[in-house]
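Below is one structure, written out as structure tokens; comments come after it.
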Amino acid sequence: MTALDSNSTVAVVGAGTMGQGIAQVALLAGHRVLLHDALPGRAAAAVDGVGGRLDRLVAKGRLGAAEHKAALARLVPAEGVADLAGAALVVEAIVEDLAVKQNLLAELEKVVGDDCLLATNTSSLSVTAVAGGLRLPGRLVGLHFFNPAPLLPLVEVVAGAASGPSAVTTAYDTAAAWGKTPVRCTDTPGFLVNRVARPFYAEALRVYEERAADPATIDALLTESGGFAMGPFALMDLIGQDVNEAVTRSVWEAFFRDPKFTPSLAQRRLVESGRLGRKSGRGWFPYDHGAGVGDP
Ligand code: NAI
């Protein structure tokens with residue numbers, strides 16, 4: 001077993017939907033967690049968000065009051081990348097954009113020690129490409145959590161072409177030690193789940209674009225008759241239209257624009273109008289609260 005020691009510090013970069021969830025998972029596994037976001041004040045607000053979700057766990061009797069207090073004391077907002085120097089593992093959960101991720105990781109590598117493990121939560125970008133600009137590319141692996149990270153057990157552990165075997169094993173064992181169900185994947189576009197899920201979203205969007213049925217009707221059919229836990233439109237709202245579209249776009253590009261992965265114009269309009277889903281209060285459906293990590 002080569003999981004990270006629970007006394008070691010984990011840094012999470014990107015304090016959005018996924019970063020907050022991953023921070024919560026690492027926190028409850030005993031780590032000190034540094035949470036950083038490029039938007040000023042976002043990390044501090046995310047610490048409050050995680051605190052609120054821990055409050056709900058206490059109310060449900062799933063977390064003791066003392067454990068809650070100790071966990072919150074270990075969660076630290078970090079205003080700058082330089083503040084992440086002491087981390088043994090950094091999980092990046094920022095925007096799904098290759099150049100932005102590469103830039104961040106290059107900055108991180110100037111700050112952290114050579115033995116620091118780097119992980120990307122990318123849904124669809126090539127892990128090999130994300131590691132492309134690193135001085136030590138062998139230390140980067142894909143650690144792909146699912147939304148909401150505190151609730152869903154699956155984690156895809158993705159080995160890029162340069163990922164070192166010990167980095168992959170440590171990432172796998174750490175995910176298992178965090179109570180997750182890790183699955184090893186190769187670096188294919190969309191890995192396993194997002195690749196298989198593309199037609200689920202694409203066909204639902206096409207049916208809608210053909211005006212055959214509206215989103216509520218399609219979702220109701222799939223949940224009530226099809227047995228799905230969530231319909232495709234509610235799921236896109238949970239994921240975020242921007243994130244869901246970026247994943248489709250990158251799988252489409254990776255397969256040389258295979259028409260079966262063509263992004264949707266209707267979804268493009270939603271992204272352009274800022275109707276990103278739960279996190280913006282409106283997507284395919286209206287919501288009266290912000291990002292719903294942990295309470296889908
Ligand atoms: P989000 O939009 O909720 O949050 C992204 C955060 O990253 C924002 O707070 C933003 O300010 C911050 N950010 C952007 N650029 C940054 C930079 N250079 N340095 C520091 N912070 C930066 O996005 P979400 O949904 O949390 O997705 C993040 C990553 O996780 C993406 O790679 C996405 O593909 C992946 N992912 C998303 C899932 C989902 O259901 N939303 C599921 C699994 C993976």
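By convention here, the chains of the structure tokens are called A, B, ... in the order presented, each chain's residues are numbered starting at 1, and ligands are numbered starting at 1 in the order presented.
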Test item: residues no farther than 6 Å from ligand 1, counting only C-alpha atoms and all ligand atoms, as a VMD selection string: chain A and resid 13 to 19 37 to 39 93 to 96 100 104 121 to 123 144 to 147 239 to 240 243
Please dump the current selection as a compact mmCIF listing (two decimals), in the first residue's frame; keep C-alpha atoms.
```txt
# COMPACT_ATOMS: atom_id res chain seq x y z
CA VAL A 13 -6.60 24.06 -7.16
CA GLY A 14 -9.94 25.28 -8.50
CA ALA A 15 -12.55 25.86 -5.81
CA GLY A 16 -15.60 25.26 -8.01
CA THR A 17 -18.02 22.34 -8.09
CA MET A 18 -15.38 19.61 -8.22
CA GLY A 19 -12.61 21.28 -6.24
CA ASP A 37 -8.65 29.49 -6.82
CA ALA A 38 -7.58 32.17 -9.29
CA LEU A 39 -10.66 34.28 -8.52
CA ALA A 93 -9.75 20.96 -10.80
CA ILE A 94 -9.73 24.15 -12.84
CA VAL A 95 -11.40 25.03 -16.14
CA GLU A 96 -11.38 22.28 -18.82
CA VAL A 100 -4.78 26.94 -18.87
CA LEU A 104 -1.04 26.30 -13.93
CA ASN A 121 -9.29 16.01 -12.56
CA THR A 122 -9.77 16.56 -16.29
CA SER A 123 -12.88 14.88 -17.69
CA HIS A 144 -11.04 11.80 -12.30
CA PHE A 145 -13.70 12.15 -9.63
CA PHE A 146 -17.41 12.22 -10.41
CA ASN A 147 -19.93 14.84 -9.38
CA ILE A 239 -22.34 19.06 -14.27
CA GLY A 240 -22.46 22.62 -15.68
CA VAL A 243 -18.05 21.83 -18.47
```
From a DSSP pass on the backbone, collect the residues of segment 73-278 of chain A flagged as strand (DSSP E or B) and hand them back as a PyMOL selection string. chain A and resi 75-78+89-92+117-120+140-145+154-159+181-186+277
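Close contacts of segment 209-221 of chain A, defined as residues with an atom at most 8 Å away when counting only C-alpha atoms, with chain neighbours fewer than 6 positions off set aside, comprise Met230, Gly231, Pro232, Phe233, Ala234, Ala266 and Trp284 of chain A.
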Using only C-alpha atoms, find each residue in segment 56-144 of chain A having at least one atom no more than 12 Å away from segment 151-165 of chain A; report its shortest atom-to-atom pair and that distance in Å (one decimal), rows by chain then rising number, as CSV.
```
residue,atom,partner,partner_atom,distance
A:Leu57,CA,A:Leu151,CA,11.7
A:Leu117,CA,A:Gly164,CA,10.4
A:Leu118,CA,A:Ser163,CA,10.2
A:Ala119,CA,A:Val157,CA,9.4
A:Thr120,CA,A:Val158,CA,9.2
A:Asn121,CA,A:Glu156,CA,9.2
A:Thr122,CA,A:Val158,CA,9.9
A:Ser123,CA,A:Glu156,CA,9.5
A:Ser124,CA,A:Val158,CA,10.8
A:Leu125,CA,A:Gly160,CA,10.7
A:Ser126,CA,A:Gly160,CA,7.5
A:Val127,CA,A:Gly160,CA,5.0
A:Thr128,CA,A:Gly160,CA,4.5
A:Ala129,CA,A:Gly160,CA,8.2
A:Val130,CA,A:Gly160,CA,8.9
A:Ala131,CA,A:Ala162,CA,7.7
A:Gly132,CA,A:Ala162,CA,8.8
A:Gly133,CA,A:Ala162,CA,11.5
A:Leu134,CA,A:Ala162,CA,10.4
A:Arg135,CA,A:Ala162,CA,11.4
A:Leu136,CA,A:Ala162,CA,9.1
A:Pro137,CA,A:Ala162,CA,5.9
A:Gly138,CA,A:Ser163,CA,4.2
A:Arg139,CA,A:Ser163,CA,6.1
A:Leu140,CA,A:Ser163,CA,5.8
A:Val141,CA,A:Ala159,CA,5.6
A:Gly142,CA,A:Val158,CA,4.4
A:Leu143,CA,A:Val157,CA,4.9
A:His144,CA,A:Glu156,CA,4.9
```
Nearest to Thr181 of chain A by atom-to-atom distance, counting only C-alpha atoms, from A:Ala149, A:Arg282, A:Ala65, A:Gly30: A:Ala149
Write out as a VMD selection string the residues lying within 9 Å of Asn7 of chain A, counting only C-alpha atoms and excluding same-chain residues fewer than 3 positions away. chain A and resid 4 30 to 32
Excluding Leu84 of chain A and any residue of its chain fewer than 4 positions from it, enumerate the residues within 12 Å of it, using only C-alpha atoms, and give them as a PyMOL selection string. chain A and resi 9-13+32-37+76-80+88-92+105+107-113+116+118
To test your reading of the structure, identify every residue in segment 58-237 of chain A that backbone DSSP assigns to alpha helix (DSSP H), and report it as a PyMOL selection string. chain A and resi 58-59+65-74+98-109+127-130+165-177+193-209+215-220+232-237
From the set A:Val183, A:Ala59, A:Val271, A:Ala70, which residue has the shortest atom-to-atom contact distance to Thr169 of chain A, counting only C-alpha atoms?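 Ranking A:Val183, A:Ala59, A:Val271, A:Ala70 by distance to Thr169 of chain A, first place goes to A:Val183.
Proximity ranking of A:Arg195, A:Glu224, A:Gln20, A:Val81 relative to Asn103 of chain A places A:Val81 first, based on only C-alpha atoms.
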Could you check the closest approach to Ile22 of chain A for each of A:Pro148, A:Pro189, A:Pro263, A:Gly277 and tell me which residue wins, using only C-alpha atoms?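 Of A:Pro148, A:Pro189, A:Pro263, A:Gly277, the one nearest Ile22 of chain A, counting only C-alpha atoms, is A:Pro148.
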